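Right, one structure below, let's go through it.
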Amino acid sequence: EGTEMVMPGDNVKMTVTLIAPIAMEQGLRFAIREGGRTVGAGVVAKVIE
């Protein structure tokens, strides 16, 4: 909690609320993109309904 920025090589655990529904399942790999550029990547650890 309270982390505002992470640097390359850092690992974080976060909860995300999506703005649109999308099919997701545990273990799914995803990318976080900003302005057409990938700024992060991860794996879905748990789906909260």
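Residue numbering restarts at 1 in every chain; chains get A, B, ... in the order shown in the structure tokens, and ligands count up from 1 in that same order.
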
For range 37-44 of chain A, find every residue with an atom within 9 Å (counting only C-alpha atoms), except residues of its own chain fewer than 5 positions away, and show them as a compact mmCIF listing (two decimals) with C-alpha atoms, in the first residue's frame.
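Output saved as selection-v2.txt:
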# COMPACT_ATOMS: atom_id res chain seq x y z
CA PRO A 8 11.87 -2.02 -14.03
CA MET A 24 -10.40 -13.33 -17.60
CA GLU A 25 -9.25 -16.40 -15.75
CA GLN A 26 -6.56 -17.27 -13.27
CA GLY A 27 -3.15 -17.65 -14.93
CA LEU A 28 -3.97 -15.35 -17.87
CA ARG A 29 -1.04 -13.15 -18.92
CA PHE A 30 -1.77 -9.48 -19.60
CA ALA A 31 -0.04 -6.24 -20.59
CA ILE A 32 -0.64 -2.73 -19.26

Q: Enumerate, as a PyMOL selection string, the complete set of residues in chain A that a backbone-based DSSP assignment places in strand (DSSP E or B).
A: chain A and resi 29-34+37-43

Output file for the residues above (N, CA and C atoms, as a PDB file, in the first residue's frame):
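Now in out-v2.pdb:
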ATOM      1  N   ARG A  29      -2.066 -14.198 -18.840  1.00  0.00           N
ATOM      2  CA  ARG A  29      -1.037 -13.154 -18.924  1.00  0.00           C
ATOM      3  C   ARG A  29      -1.657 -11.906 -19.546  1.00  0.00           C
ATOM      4  N   PHE A  30      -1.234 -10.729 -19.078  1.00  0.00           N
ATOM      5  CA  PHE A  30      -1.771  -9.476 -19.596  1.00  0.00           C
ATOM      6  C   PHE A  30      -0.670  -8.421 -19.692  1.00  0.00           C
ATOM      7  N   ALA A  31      -0.949  -7.381 -20.462  1.00  0.00           N
ATOM      8  CA  ALA A  31      -0.037  -6.242 -20.587  1.00  0.00           C
ATOM      9  C   ALA A  31      -0.785  -4.977 -20.199  1.00  0.00           C
ATOM     10  N   ILE A  32      -0.086  -4.043 -19.586  1.00  0.00           N
ATOM     11  CA  ILE A  32      -0.636  -2.731 -19.262  1.00  0.00           C
ATOM     12  C   ILE A  32      -0.005  -1.760 -20.249  1.00  0.00           C
ATOM     13  N   ARG A  33      -0.866  -1.084 -21.007  1.00  0.00           N
ATOM     14  CA  ARG A  33      -0.360  -0.194 -22.057  1.00  0.00           C
ATOM     15  C   ARG A  33      -0.801   1.241 -21.790  1.00  0.00           C
ATOM     16  N   GLU A  34       0.066   2.170 -22.161  1.00  0.00           N
ATOM     17  CA  GLU A  34      -0.225   3.592 -22.019  1.00  0.00           C
ATOM     18  C   GLU A  34       0.318   4.298 -23.256  1.00  0.00           C
ATOM     19  N   ARG A  37       2.216   2.133 -25.773  1.00  0.00           N
ATOM     20  CA  ARG A  37       3.478   1.573 -25.286  1.00  0.00           C
ATOM     21  C   ARG A  37       3.214   0.662 -24.082  1.00  0.00           C
ATOM     22  N   THR A  38       3.850  -0.492 -24.042  1.00  0.00           N
ATOM     23  CA  THR A  38       3.685  -1.399 -22.909  1.00  0.00           C
ATOM     24  C   THR A  38       4.493  -0.873 -21.729  1.00  0.00           C
ATOM     25  N   VAL A  39       3.806  -0.636 -20.606  1.00  0.00           N
ATOM     26  CA  VAL A  39       4.479  -0.118 -19.408  1.00  0.00           C
ATOM     27  C   VAL A  39       4.503  -1.138 -18.279  1.00  0.00           C
ATOM     28  N   GLY A  40       3.836  -2.268 -18.489  1.00  0.00           N
ATOM     29  CA  GLY A  40       3.834  -3.315 -17.475  1.00  0.00           C
ATOM     30  C   GLY A  40       3.234  -4.590 -18.020  1.00  0.00           C
ATOM     31  N   ALA A  41       3.488  -5.678 -17.330  1.00  0.00           N
ATOM     32  CA  ALA A  41       2.939  -6.976 -17.717  1.00  0.00           C
ATOM     33  C   ALA A  41       2.766  -7.801 -16.458  1.00  0.00           C
ATOM     34  N   GLY A  42       1.881  -8.784 -16.535  1.00  0.00           N
ATOM     35  CA  GLY A  42       1.653  -9.605 -15.356  1.00  0.00           C
ATOM     36  C   GLY A  42       0.831 -10.835 -15.650  1.00  0.00           C
ATOM     37  N   VAL A  43       0.427 -11.488 -14.558  1.00  0.00           N
ATOM     38  CA  VAL A  43      -0.372 -12.704 -14.612  1.00  0.00           C
ATOM     39  C   VAL A  43      -1.523 -12.542 -13.628  1.00  0.00           C
TER      40      VAL A  43
END

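Omitting Ile48 in chain A and its sequence neighbours fewer than 4 positions away, and counting only C-alpha atoms, the residues within 10 Å are A:Thr15, A:Val16, A:Thr17.
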
For the residues in the current selection, export C-alpha atoms as a PDB file, in the first residue's frame.
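The result, written out as part-v5.pdb:
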ATOM      1  CA  THR A  15      -6.154  -5.084  -7.383  1.00  0.00           C
ATOM      2  CA  VAL A  16      -7.558  -3.631 -10.615  1.00  0.00           C
ATOM      3  CA  THR A  17     -11.102  -2.555 -11.486  1.00  0.00           C
TER       4      THR A  17
END
